[in-house]
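> The file below is start_31.cif, mmCIF, C-alpha atoms:
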```
data_my_file
loop_
_atom_site.label_atom_id
_atom_site.label_comp_id
_atom_site.auth_asym_id
_atom_site.auth_seq_id
_atom_site.Cartn_x
_atom_site.Cartn_y
_atom_site.Cartn_z
CA MET A 1 150.30 151.03 70.08
CA ASN A 2 153.75 149.76 71.03
CA LEU A 3 154.83 146.14 71.24
CA TRP A 4 154.76 145.98 75.05
CA VAL A 5 151.15 147.17 75.19
CA THR A 6 150.23 144.71 72.44
CA PHE A 7 151.87 141.90 74.43
CA ARG A 8 149.99 142.83 77.63
CA VAL A 9 146.66 142.92 75.77
CA ALA A 10 147.43 139.52 74.18
CA VAL A 11 148.36 137.96 77.53
CA ARG A 12 145.17 139.27 79.17
CA ALA A 13 143.14 137.79 76.33
CA LEU A 14 144.83 134.39 76.79
CA LEU A 15 144.39 134.44 80.57
CA ARG A 16 140.66 135.07 80.24
CA ASN A 17 140.35 131.43 79.18
CA LYS A 18 143.23 129.61 80.82
CA THR A 19 141.98 126.09 80.14
CA ARG A 20 141.53 126.68 76.44
CA SER A 21 144.91 128.39 76.16
CA GLY A 22 146.61 125.52 78.00
CA LEU A 23 145.02 122.87 75.80
CA THR A 24 145.98 124.89 72.72
CA ALA A 25 149.63 124.99 73.78
CA LEU A 26 149.61 121.29 74.68
CA GLY A 27 150.28 120.20 71.11
CA ILE A 28 153.40 122.38 70.99
CA VAL A 29 154.51 121.09 74.40
CA ILE A 30 154.22 117.46 73.30
CA GLY A 31 155.92 118.12 69.96
CA VAL A 32 158.93 119.96 71.40
CA ALA A 33 159.31 117.46 74.26
CA ALA A 34 159.19 114.53 71.84
CA VAL A 35 161.77 116.07 69.50
CA ILE A 36 164.23 116.84 72.30
CA ALA A 37 163.77 113.48 74.06
CA MET A 38 164.08 111.39 70.90
CA VAL A 39 167.15 113.20 69.60
CA ALA A 40 168.81 113.03 73.04
CA ILE A 41 168.17 109.30 73.32
CA GLY A 42 169.31 108.75 69.73
CA GLU A 43 172.58 110.59 70.37
CA GLY A 44 173.07 108.58 73.55
CA ALA A 45 172.49 105.34 71.64
CA LYS A 46 175.13 106.34 69.07
CA VAL A 47 177.65 107.00 71.84
CA LYS A 48 176.76 103.66 73.47
CA VAL A 49 177.39 101.84 70.19
CA ALA A 50 180.68 103.70 69.72
CA GLN A 51 181.77 102.81 73.26
CA ALA A 52 180.96 99.15 72.70
CA PHE A 53 183.10 98.99 69.57
CA ASP A 54 185.86 101.08 71.14
CA ALA A 55 186.02 98.46 73.90
CA MET A 56 186.80 95.85 71.25
CA GLY A 57 189.75 97.84 69.95
CA THR A 58 190.87 100.83 67.92
CA ASN A 59 190.64 100.56 64.12
CA LEU A 60 190.37 96.81 64.60
CA LEU A 61 190.62 94.15 61.92
CA ILE A 62 190.28 90.45 62.76
CA VAL A 63 191.90 87.93 60.43
CA THR A 64 190.58 84.37 60.82
CA SER A 65 191.53 81.08 59.20
CA GLY A 66 189.53 79.36 56.48
CA SER A 67 186.70 76.82 56.63
CA SER A 68 187.06 73.06 56.63
CA HIS A 69 185.54 70.65 54.07
CA GLY A 70 184.72 67.03 54.61
CA GLY A 71 181.96 64.54 53.81
CA GLY A 72 179.95 67.19 52.02
CA MET A 73 179.96 69.37 55.14
CA ARG A 74 181.64 72.75 55.46
CA GLY A 75 182.79 74.26 58.73
CA GLY A 76 182.76 77.94 59.54
CA HIS A 77 185.67 80.36 59.35
CA GLY A 78 188.46 79.27 61.67
CA SER A 79 187.64 75.58 61.52
CA MET A 80 190.68 74.87 59.26
CA PRO A 81 194.02 76.39 60.40
CA THR A 82 195.50 78.31 57.46
CA LEU A 83 197.18 81.33 59.05
CA THR A 84 200.87 80.87 59.81
CA TRP A 85 203.33 82.65 62.04
CA GLY A 86 205.00 83.78 58.82
CA ASP A 87 201.73 85.40 57.76
CA LEU A 88 201.67 87.33 61.03
CA GLN A 89 205.22 88.56 60.53
CA ALA A 90 204.47 89.56 56.92
CA VAL A 91 201.39 91.53 57.99
CA ARG A 92 203.51 93.39 60.54
CA SER A 93 206.38 94.20 58.20
CA ASP A 94 204.95 94.45 54.66
CA ILE A 95 201.88 96.66 55.10
CA SER A 96 202.64 100.28 55.96
CA THR A 97 199.18 101.03 57.37
CA VAL A 98 199.40 98.26 59.98
CA LYS A 99 200.33 99.80 63.32
CA TYR A 100 200.03 96.65 65.44
CA ALA A 101 199.36 92.97 64.82
CA ALA A 102 199.02 90.27 67.47
CA PRO A 103 198.11 86.58 67.52
CA VAL A 104 195.13 85.74 69.72
CA CYS A 105 194.82 82.14 70.93
CA GLN A 106 192.18 81.40 73.52
CA THR A 107 190.44 78.65 75.44
CA ASN A 108 188.39 78.22 78.61
CA ALA A 109 190.22 76.83 81.61
CA SER A 110 189.71 76.47 85.35
CA MET A 111 192.09 78.29 87.67
CA GLN A 112 192.52 78.14 91.41
CA SER A 113 193.68 80.61 94.02
CA ASP A 114 194.20 79.82 97.70
CA GLU A 115 190.58 80.74 98.41
CA GLN A 116 188.48 80.05 95.31
CA ASN A 117 188.38 78.57 91.82
CA TRP A 118 186.93 80.00 88.63
CA THR A 119 186.64 79.01 84.97
CA SER A 120 187.46 81.86 82.64
CA ASN A 121 188.64 82.76 79.16
CA VAL A 122 192.41 82.35 78.82
CA VAL A 123 194.10 84.33 76.05
CA GLY A 124 197.63 83.86 74.73
CA THR A 125 198.94 86.81 72.75
CA SER A 126 201.78 89.30 72.31
CA PRO A 127 202.23 92.73 73.96
CA GLU A 128 200.72 94.50 70.91
CA TYR A 129 197.33 93.05 71.88
CA PHE A 130 196.92 95.62 74.66
CA ASP A 131 197.73 98.50 72.30
CA ILE A 132 195.22 97.28 69.72
CA ARG A 133 192.48 97.02 72.33
CA ASN A 134 193.41 100.19 74.24
CA TRP A 135 193.62 98.13 77.40
CA PRO A 136 195.95 99.46 80.13
CA VAL A 137 196.48 98.08 83.61
CA VAL A 138 195.27 99.87 86.74
CA LYS A 139 197.67 97.96 88.97
CA GLY A 140 200.95 96.24 88.21
CA VAL A 141 202.41 95.97 84.71
CA LEU A 142 201.79 94.32 81.36
CA PHE A 143 204.09 91.57 80.11
CA GLY A 144 206.68 92.53 77.51
CA THR A 145 208.73 91.10 74.65
CA ALA A 146 211.27 89.59 77.07
CA ASP A 147 208.48 87.61 78.76
CA LEU A 148 207.24 86.50 75.34
CA ASP A 149 210.69 85.25 74.35
CA ALA A 150 211.28 83.50 77.68
CA GLY A 151 207.83 81.93 77.98
CA THR A 152 207.48 83.30 81.51
CA LYS A 153 204.61 81.89 83.59
CA ILE A 154 202.93 85.20 84.28
CA LEU A 155 199.55 86.69 83.43
CA VAL A 156 197.49 89.84 83.65
CA MET A 157 193.98 89.50 84.92
CA GLY A 158 190.59 91.07 84.20
CA SER A 159 188.69 92.60 87.10
CA SER A 160 185.87 90.03 87.03
CA VAL A 161 188.29 87.14 87.45
CA ALA A 162 190.15 88.97 90.22
CA LYS A 163 186.92 89.46 92.16
CA LYS A 164 185.95 85.80 91.81
CA LEU A 165 189.35 84.44 92.85
CA PHE A 166 190.43 86.95 95.50
CA GLY A 167 187.32 88.89 96.51
CA GLU A 168 186.26 92.53 96.23
CA ASP A 169 188.86 95.29 96.60
CA VAL A 170 191.75 92.83 96.87
CA ASP A 171 194.92 93.61 94.89
CA PRO A 172 195.76 90.44 92.92
CA VAL A 173 199.19 91.64 91.78
CA GLY A 174 201.91 89.36 93.09
CA ARG A 175 199.55 86.55 93.96
CA THR A 176 199.74 83.07 92.47
CA VAL A 177 197.03 81.07 90.69
CA ARG A 178 197.21 77.54 89.38
CA LEU A 179 196.13 76.92 85.82
CA ARG A 180 196.23 73.47 84.20
CA GLY A 181 198.43 72.33 87.09
CA SER A 182 201.02 75.09 86.67
CA PRO A 183 201.53 78.09 88.97
CA PHE A 184 201.24 81.53 87.36
CA THR A 185 202.10 84.87 88.93
CA VAL A 186 199.65 87.75 88.46
CA VAL A 187 201.67 90.79 87.35
CA GLY A 188 198.86 93.17 86.36
CA LEU A 189 195.19 94.00 86.83
CA LEU A 190 193.49 95.22 83.64
CA ALA A 191 191.23 98.27 83.55
CA ASP A 192 187.51 97.58 83.40
CA LYS A 193 186.14 97.10 79.87
CA GLY A 194 182.55 96.24 80.74
CA GLN A 195 180.19 94.32 78.50
CA GLY A 196 180.40 93.85 74.75
CA PRO A 197 177.59 94.38 72.21
CA MET A 198 176.34 90.80 72.72
CA GLY A 199 176.51 91.00 76.52
CA GLN A 200 179.83 89.19 76.97
CA ASP A 201 181.95 90.23 79.94
CA TYR A 202 185.25 91.54 78.59
CA ASP A 203 186.72 91.55 82.11
CA ASP A 204 186.25 87.81 82.60
CA VAL A 205 189.66 87.00 81.08
CA VAL A 206 193.29 86.32 81.88
CA VAL A 207 196.00 87.15 79.33
CA MET A 208 199.47 85.61 79.10
CA PRO A 209 202.36 85.48 76.61
CA VAL A 210 201.42 83.32 73.63
CA SER A 211 204.62 81.31 74.04
CA THR A 212 203.55 80.38 77.58
CA PHE A 213 200.04 79.61 76.35
CA ARG A 214 201.34 77.18 73.74
CA ALA A 215 203.71 75.48 76.19
CA LYS A 216 201.49 75.22 79.28
CA ILE A 217 197.85 75.62 78.27
CA GLN A 218 197.23 74.43 74.73
CA GLY A 219 199.76 72.91 72.38
CA GLY A 220 200.37 74.65 69.11
CA LEU A 221 199.92 73.52 65.53
CA GLY A 222 203.47 73.88 64.36
CA GLN A 223 203.70 76.65 61.81
CA PHE A 224 199.96 77.42 62.02
CA ILE A 225 198.41 79.88 64.46
CA PRO A 226 195.76 78.13 66.61
CA GLY A 227 193.62 81.25 66.69
CA VAL A 228 193.18 84.57 64.94
CA ILE A 229 195.21 87.70 64.22
CA PHE A 230 194.16 91.08 65.62
CA VAL A 231 195.34 94.01 63.51
CA GLY A 232 195.27 97.67 64.49
CA ALA A 233 195.40 100.09 61.55
CA THR A 234 197.25 103.39 61.78
CA SER A 235 193.98 105.37 61.66
CA ALA A 236 190.24 104.96 61.13
CA LYS A 237 190.59 106.31 57.57
CA THR A 238 193.09 103.61 56.60
CA THR A 239 191.23 100.66 58.14
CA THR A 240 189.35 99.68 54.97
CA ARG A 241 192.48 100.01 52.83
CA THR A 242 194.46 97.97 55.37
CA GLY A 243 191.89 95.17 55.15
CA ARG A 244 192.25 95.07 51.37
CA ASP A 245 196.04 95.05 51.59
CA ILE A 246 195.98 92.19 54.09
CA GLY A 247 193.71 90.23 51.77
CA ASP A 248 196.03 90.81 48.81
CA LEU A 249 199.09 89.85 50.86
CA LEU A 250 197.58 86.61 52.19
CA ARG A 251 196.23 85.57 48.78
CA ASP A 252 199.73 85.98 47.41
CA ARG A 253 201.37 84.09 50.28
CA HIS A 254 198.79 81.28 50.13
CA ARG A 255 199.06 81.13 46.32
CA ILE A 256 195.32 81.52 45.80
CA GLN A 257 194.52 81.95 42.12
CA ALA A 258 192.05 84.50 40.83
CA GLY A 259 188.46 83.29 41.06
CA LEU A 260 189.12 80.82 43.87
CA GLU A 261 187.72 81.21 47.37
CA ASP A 262 189.98 82.70 50.05
CA ASP A 263 191.15 80.37 52.81
CA PHE A 264 190.94 83.22 55.33
CA SER A 265 188.62 86.04 56.31
CA VAL A 266 189.30 89.68 57.17
CA ARG A 267 186.62 91.33 59.28
CA ASN A 268 186.51 95.11 59.63
CA LEU A 269 184.81 96.03 62.91
CA SER A 270 184.97 99.74 62.05
CA GLU A 271 182.55 99.15 59.17
CA LEU A 272 180.26 97.21 61.49
CA ALA A 273 180.33 100.06 63.99
CA GLY A 274 179.55 102.55 61.22
CA ALA A 275 176.59 100.47 60.04
CA SER A 276 175.25 100.24 63.60
CA GLN A 277 175.54 104.00 64.07
CA GLN A 278 173.88 104.63 60.71
CA GLY A 279 170.96 102.44 61.73
CA THR A 280 170.66 104.34 65.00
CA GLN A 281 170.76 107.66 63.12
CA ILE A 282 167.99 106.56 60.78
CA MET A 283 165.81 105.53 63.71
CA THR A 284 166.49 108.83 65.50
CA THR A 285 165.57 110.81 62.37
CA LEU A 286 162.37 108.80 61.97
CA LEU A 287 161.33 109.40 65.57
CA ALA A 288 162.17 113.11 65.30
CA ALA A 289 160.06 113.34 62.12
CA VAL A 290 157.12 111.72 63.92
CA ALA A 291 157.60 114.17 66.78
CA ALA A 292 157.64 117.07 64.30
CA VAL A 293 154.16 116.03 63.19
CA SER A 294 153.03 116.81 66.74
CA LEU A 295 154.31 120.35 66.27
CA LEU A 296 152.29 120.71 63.08
CA VAL A 297 149.20 119.37 64.85
CA GLY A 298 149.83 121.87 67.63
CA GLY A 299 150.06 124.66 65.06
CA ILE A 300 146.73 123.65 63.54
CA GLY A 301 145.24 123.71 67.05
CA ILE A 302 146.51 127.28 67.54
CA MET A 303 144.92 128.36 64.25
CA ASN A 304 141.57 126.75 65.13
CA ILE A 305 141.43 128.32 68.57
CA LEU A 306 142.36 131.75 67.25
CA LEU A 307 139.65 131.51 64.60
CA VAL A 308 137.16 130.74 67.34
CA SER A 309 138.60 133.61 69.39
CA VAL A 310 138.14 136.04 66.47
CA THR A 311 134.50 135.05 66.22
CA GLU A 312 133.91 135.37 69.97
CA ARG A 313 135.68 138.73 70.17
CA THR A 314 134.17 140.37 67.11
CA ARG A 315 132.47 143.12 69.14
CA GLU A 316 135.72 143.73 71.08
CA ILE A 317 137.58 144.12 67.78
CA GLY A 318 134.89 146.53 66.54
CA VAL A 319 135.17 148.65 69.69
CA ARG A 320 138.96 148.82 69.43
CA MET A 321 138.73 149.86 65.79
CA ALA A 322 136.08 152.45 66.62
CA ILE A 323 138.36 154.15 69.16
CA GLY A 324 141.29 154.31 66.77
CA ALA A 325 142.98 150.91 66.53
CA LYS A 326 144.34 150.31 63.04
CA PRO A 327 144.18 146.95 61.19
CA ARG A 328 147.90 146.43 61.81
CA ASN A 329 147.30 146.75 65.58
CA ILE A 330 144.63 144.04 65.44
CA LEU A 331 146.92 141.91 63.27
CA ALA A 332 149.81 142.36 65.72
CA GLN A 333 147.65 141.47 68.75
CA PHE A 334 146.54 138.10 67.35
CA LEU A 335 150.00 137.29 66.05
CA VAL A 336 151.45 138.01 69.49
CA GLU A 337 148.81 135.75 71.05
CA ALA A 338 149.79 132.92 68.71
CA LEU A 339 153.49 133.52 69.26
CA THR A 340 153.06 133.64 73.05
CA LEU A 341 151.17 130.33 73.06
CA SER A 342 153.79 128.60 70.92
CA VAL A 343 156.83 129.98 72.78
CA ILE A 344 155.41 129.15 76.23
CA GLY A 345 154.52 125.70 74.94
CA GLY A 346 158.04 125.35 73.55
CA LEU A 347 159.68 126.33 76.85
CA ILE A 348 157.52 123.89 78.80
CA GLY A 349 158.30 121.26 76.16
CA ILE A 350 162.04 121.79 76.68
CA GLY A 351 161.78 121.02 80.38
CA LEU A 352 159.49 118.04 79.78
CA GLY A 353 161.70 116.70 76.98
CA ILE A 354 164.86 116.87 79.12
CA LEU A 355 163.04 115.13 81.99
CA ILE A 356 161.79 112.35 79.68
CA ALA A 357 165.27 111.95 78.17
CA GLN A 358 166.81 111.65 81.64
CA GLN A 359 164.32 108.96 82.65
CA LEU A 360 164.81 106.97 79.44
CA ALA A 361 168.60 107.27 79.61
CA ALA A 362 168.55 106.02 83.20
CA SER A 363 166.30 103.10 82.23
CA PHE A 364 168.46 102.03 79.27
CA GLN A 365 171.73 102.95 81.06
CA TRP A 366 172.73 105.12 78.09
CA PRO A 367 174.65 108.40 78.24
CA LEU A 368 172.41 111.46 78.08
CA LEU A 369 173.36 113.96 75.38
CA ILE A 370 171.22 117.10 75.15
CA ARG A 371 172.05 119.01 71.99
CA PRO A 372 171.63 122.79 72.43
CA ASP A 373 171.19 123.27 68.68
CA VAL A 374 168.21 120.89 68.70
CA ILE A 375 166.64 122.88 71.55
CA VAL A 376 167.09 126.15 69.67
CA VAL A 377 165.70 124.65 66.46
CA ALA A 378 162.71 123.09 68.26
CA VAL A 379 161.75 126.36 69.99
CA GLY A 380 162.37 128.37 66.81
CA PHE A 381 160.25 125.93 64.84
CA SER A 382 157.45 126.15 67.40
CA ALA A 383 157.58 129.96 67.22
CA ALA A 384 157.49 129.82 63.42
CA ILE A 385 154.49 127.48 63.59
CA GLY A 386 152.75 129.89 65.97
CA ILE A 387 153.29 132.80 63.58
CA GLY A 388 152.51 130.75 60.48
CA PHE A 389 149.27 129.26 61.73
CA GLY A 390 148.28 132.44 63.56
CA LEU A 391 148.68 134.60 60.48
CA TYR A 392 145.35 133.73 58.87
CA PRO A 393 143.20 134.31 61.99
CA ALA A 394 145.09 137.56 62.65
CA TRP A 395 144.60 138.70 59.05
CA LYS A 396 140.90 137.78 59.24
CA ALA A 397 140.50 139.80 62.45
CA SER A 398 142.28 142.83 60.96
CA ARG A 399 139.97 142.81 57.90
CA LEU A 400 136.74 143.05 59.91
CA ASP A 401 134.55 146.06 59.17
CA PRO A 402 134.17 148.14 62.36
CA ILE A 403 130.46 148.80 61.78
CA ASP A 404 129.63 145.14 61.14
CA ALA A 405 131.79 144.14 64.13
CA LEU A 406 129.90 146.52 66.47
CA ARG A 407 126.57 145.11 65.28
CA TYR A 408 127.73 141.50 65.79
CA GLU A 409 125.73 139.65 68.44
#
```
Show this structure as structure tokens.

Amino acid sequence: MNLWVTFRVAVRALLRNKTRSGLTALGIVIGVAAVIAMVAIGEGAKVKVAQAFDAMGTNLLIVTSGSSHGGGMRGGHGSMPTLTWGDLQAVRSDISTVKYAAPVCQTNASMQSDEQNWTSNVVGTSPEYFDIRNWPVVKGVLFGTADLDAGTKILVMGSSVAKKLFGEDVDPVGRTVRLRGSPFTVVGLLADKGQGPMGQDYDDVVVMPVSTFRAKIQGGLGQFIPGVIFVGATSAKTTTRTGRDIGDLLRDRHRIQAGLEDDFSVRNLSELAGASQQGTQIMTTLLAAVAAVSLLVGGIGIMNILLVSVTERTREIGVRMAIGAKPRNILAQFLVEALTLSVIGGLIGIGLGILIAQQLAASFQWPLLIRPDVIVVAVGFSAAIGIGFGLYPAWKASRLDPIDALRYE
């Protein structure tokens, strides 16, 4: 008996009891669908985390000032200015793995256009800030070193602020806003960044030269930077090393002896992003493992149903053996039945899993990433389960004695 005939006989046997065959394959369907959906959502979550940290900046390190002490109370990092403009220059020039470094001074301030007013985050920085954060303009231009040196009263604006001050689909470039009583010209509209990991709106910001910020918005602290330093490393691989080098440089410049607490802090956002992605990967693996249990349960269901089928079809097996069917033909028939159930269940599970993943991705507003290798593995695993759990019933059927099988009532 060839394979095609064996397949047709197996399919006819399964179709004789459609309900039982469908319920048998249901465990495989659920298992495959769960594996595909969970892995797809997990991959989408990893991309979402990566996008959130990419929006902060590339290979980003944030250097903050130290904490204040007084009356037995200690303030948090940044409460005591300790970073100087000399520190910033040293970070730029003395550490080879630093690609960009920019001061970031910020405050909230109200600004007015001819039509509206809005309170937003105002940032004073240098041109390197936009390189560190991968933040281009979609209209107009960014300010440059000449504007920084001259203290020009210009700014670039986030899209959220532009909409509040000028309305939807209005080009703000060239318009004037008043900020702390001074007129500023909008020279650029920043590309949309979206929301950060904590829900903050990155686009609700205006950015100006730090020299202008210190002169018109918030007075400086002499030699100290009234804010933080953003540092962009040359690559993701050098970010950790760059953080260590910055720490060593600042300890030397601040004359901090061994064993004493630093009066600054260096935060590596790349490590935070990696930890977040690792947590997401662990959760995805856990969910996929739980889903794999469904496949095993489905395999056990196939074995149970086939054992029942062998008992019900004992006389049929005896007749087939009596007219010349060999044990290997009986073995092949039941194995094909098991394989057919598992493969059909796997194919249905693929469609159901993709549909579930699409619905979940739309609900969470995550990117949908269907991995072809996971689909192949899930279907291959379901087929292996069908063969593995169908082997014993098939072997049992092939070992029946034809005479006893014909006498079976």
> Leaving out Ser160 (chain A) and any residue of its chain fewer than 4 positions from it, which residues lie within 9 Å of it when counting only C-alpha atoms, given as a list in words?
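In the requested format, the answer is Lys164, Leu165, Asp192, Asp201, Tyr202, Asp203, Asp204 and Val205 of chain A.
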> Those residues you just picked out, can you put them in a file as a PDB file, in the coordinates of the input with C-alpha atoms?

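The result, written out as out05.pdb:
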```
ATOM      1  CA  LYS A 164     185.950  85.800  91.810  1.00  0.00           C
ATOM      2  CA  LEU A 165     189.350  84.440  92.850  1.00  0.00           C
ATOM      3  CA  ASP A 192     187.510  97.580  83.400  1.00  0.00           C
ATOM      4  CA  ASP A 201     181.950  90.230  79.940  1.00  0.00           C
ATOM      5  CA  TYR A 202     185.250  91.540  78.590  1.00  0.00           C
ATOM      6  CA  ASP A 203     186.720  91.550  82.110  1.00  0.00           C
ATOM      7  CA  ASP A 204     186.250  87.810  82.600  1.00  0.00           C
ATOM      8  CA  VAL A 205     189.660  87.000  81.080  1.00  0.00           C
TER       9      VAL A 205
END
```
> Let me know the residues the PyMOL selection byres ((chain A and resi 86) around 12) catches in the file above, as a PyMOL selection string.
chain A and resi 82-85+87-94+103+222-225+229+249-250+253-254
> Work out how far apart CA of Trp366 (chain A) and CA of Gly44 (chain A) are and give it in Å to one decimal.
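Spanning CA of Trp366 (chain A) to CA of Gly44 (chain A) is a straight-line distance of 5.7 Å.
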> Pick the closest to Met38 (chain A) from A:Met111, A:Ala289, A:Ile302, A:Lys326: which is it, counting all atoms listed in the file?
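When distances to Met38 (chain A) are compared using all atoms listed in the file, the smallest one comes from A:Ala289.
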> What is the distance between CA of Ala25 (chain A) and CA of Ile344 (chain A), in Å to one decimal?
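One can read the CA of Ala25 (chain A) to CA of Ile344 (chain A) distance as 7.5 Å.
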> Taking all atoms listed in the file into account, which of A:Tyr129, A:Phe166, A:Leu360, A:Asn134 comes nearest Asn117 (chain A)?
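Ranked by minimum distance to Asn117 (chain A), first place goes to A:Phe166.
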> Report the distance between CA of Gly243 (chain A) and CA of Thr64 (chain A) in Å, rounded to one decimal place.
12.3 Å
> Env of Gly124 (chain A): 7 Å cut, atoms = only C-alpha atoms, seq-sep filter 4 positions within chain, self excluded. Answer as a count of residues only.
8
> Which is closer to Leu190 (chain A) than all the others in A:Tyr100, A:Phe334, A:Trp118, A:Phe130, using all atoms listed in the file?
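Of the candidates, the smallest distance to Leu190 (chain A) is held by A:Phe130.
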> Given the file shown, determine the residues that the PyMOL selection byres ((chain A and resi 345) around 9) selects; report them as JSON, numbers by chain.
{"A": [22, 24, 25, 26, 27, 28, 29, 30, 32, 340, 341, 342, 343, 344, 346, 347, 348, 349, 350, 379, 382]}
> Out of A:Leu61, A:Gln116, A:Arg320, A:Gln195, which residue has the shortest atom-to-atom distance to Lys48 (chain A) when counting all atoms listed in the file?
A:Gln195
> Please write as a PyMOL selection string the full residue list that the PyMOL selection byres ((chain A and resi 14-17) around 12) yields on this file.
chain A and resi 7-13+18-25+302+305-306+309+312-313+333-334+336-341+344
> Could you check the closest approach to Ser65 (chain A) for each of A:Leu335, A:Val228, A:Val374, A:Ala325 and tell me which residue wins, using all atoms listed in the file?
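Selected residue with least distance to Ser65 (chain A): A:Val228.
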> From the set A:Val138, A:Val63, A:Ile36, A:Val47, which residue has the shortest atom-to-atom contact distance to Ala102 (chain A), counting all atoms listed in the file?
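Looking at the shortest contact to Ala102 (chain A), the residue is A:Val63.
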> May I have the residues within 9 Å of Tyr392 (chain A) as a ChimeraX atom specification, using all atoms listed in the file and disregarding those fewer than 5 positions away in the same chain?
/A:303,307,397
> Would you put the residues from that selection into a file with C-alpha atoms, as a PDB file, in the frame of the given file?

```pdb
ATOM      1  CA  MET A 303     144.920 128.360  64.250  1.00  0.00           C
ATOM      2  CA  LEU A 307     139.650 131.510  64.600  1.00  0.00           C
ATOM      3  CA  ALA A 397     140.500 139.800  62.450  1.00  0.00           C
TER       4      ALA A 397
END
```
> Any idea what's packed within 10 Å of Leu155 (chain A), counting only C-alpha atoms, ignoring anything in its chain fewer than 5 positions away? Could you give it as a compact mmCIF listing (two decimals) with C-alpha atoms, keeping the file's coordinate frame?

```
# COMPACT_ATOMS: atom_id res chain seq x y z
CA VAL A 122 192.41 82.35 78.82
CA VAL A 123 194.10 84.33 76.05
CA GLY A 124 197.63 83.86 74.73
CA VAL A 141 202.41 95.97 84.71
CA LEU A 142 201.79 94.32 81.36
CA PHE A 143 204.09 91.57 80.11
CA VAL A 173 199.19 91.64 91.78
CA THR A 176 199.74 83.07 92.47
CA VAL A 177 197.03 81.07 90.69
CA PHE A 184 201.24 81.53 87.36
CA THR A 185 202.10 84.87 88.93
CA VAL A 186 199.65 87.75 88.46
CA VAL A 187 201.67 90.79 87.35
CA GLY A 188 198.86 93.17 86.36
CA LEU A 189 195.19 94.00 86.83
CA VAL A 206 193.29 86.32 81.88
CA VAL A 207 196.00 87.15 79.33
CA MET A 208 199.47 85.61 79.10
CA PRO A 209 202.36 85.48 76.61
CA THR A 212 203.55 80.38 77.58
```
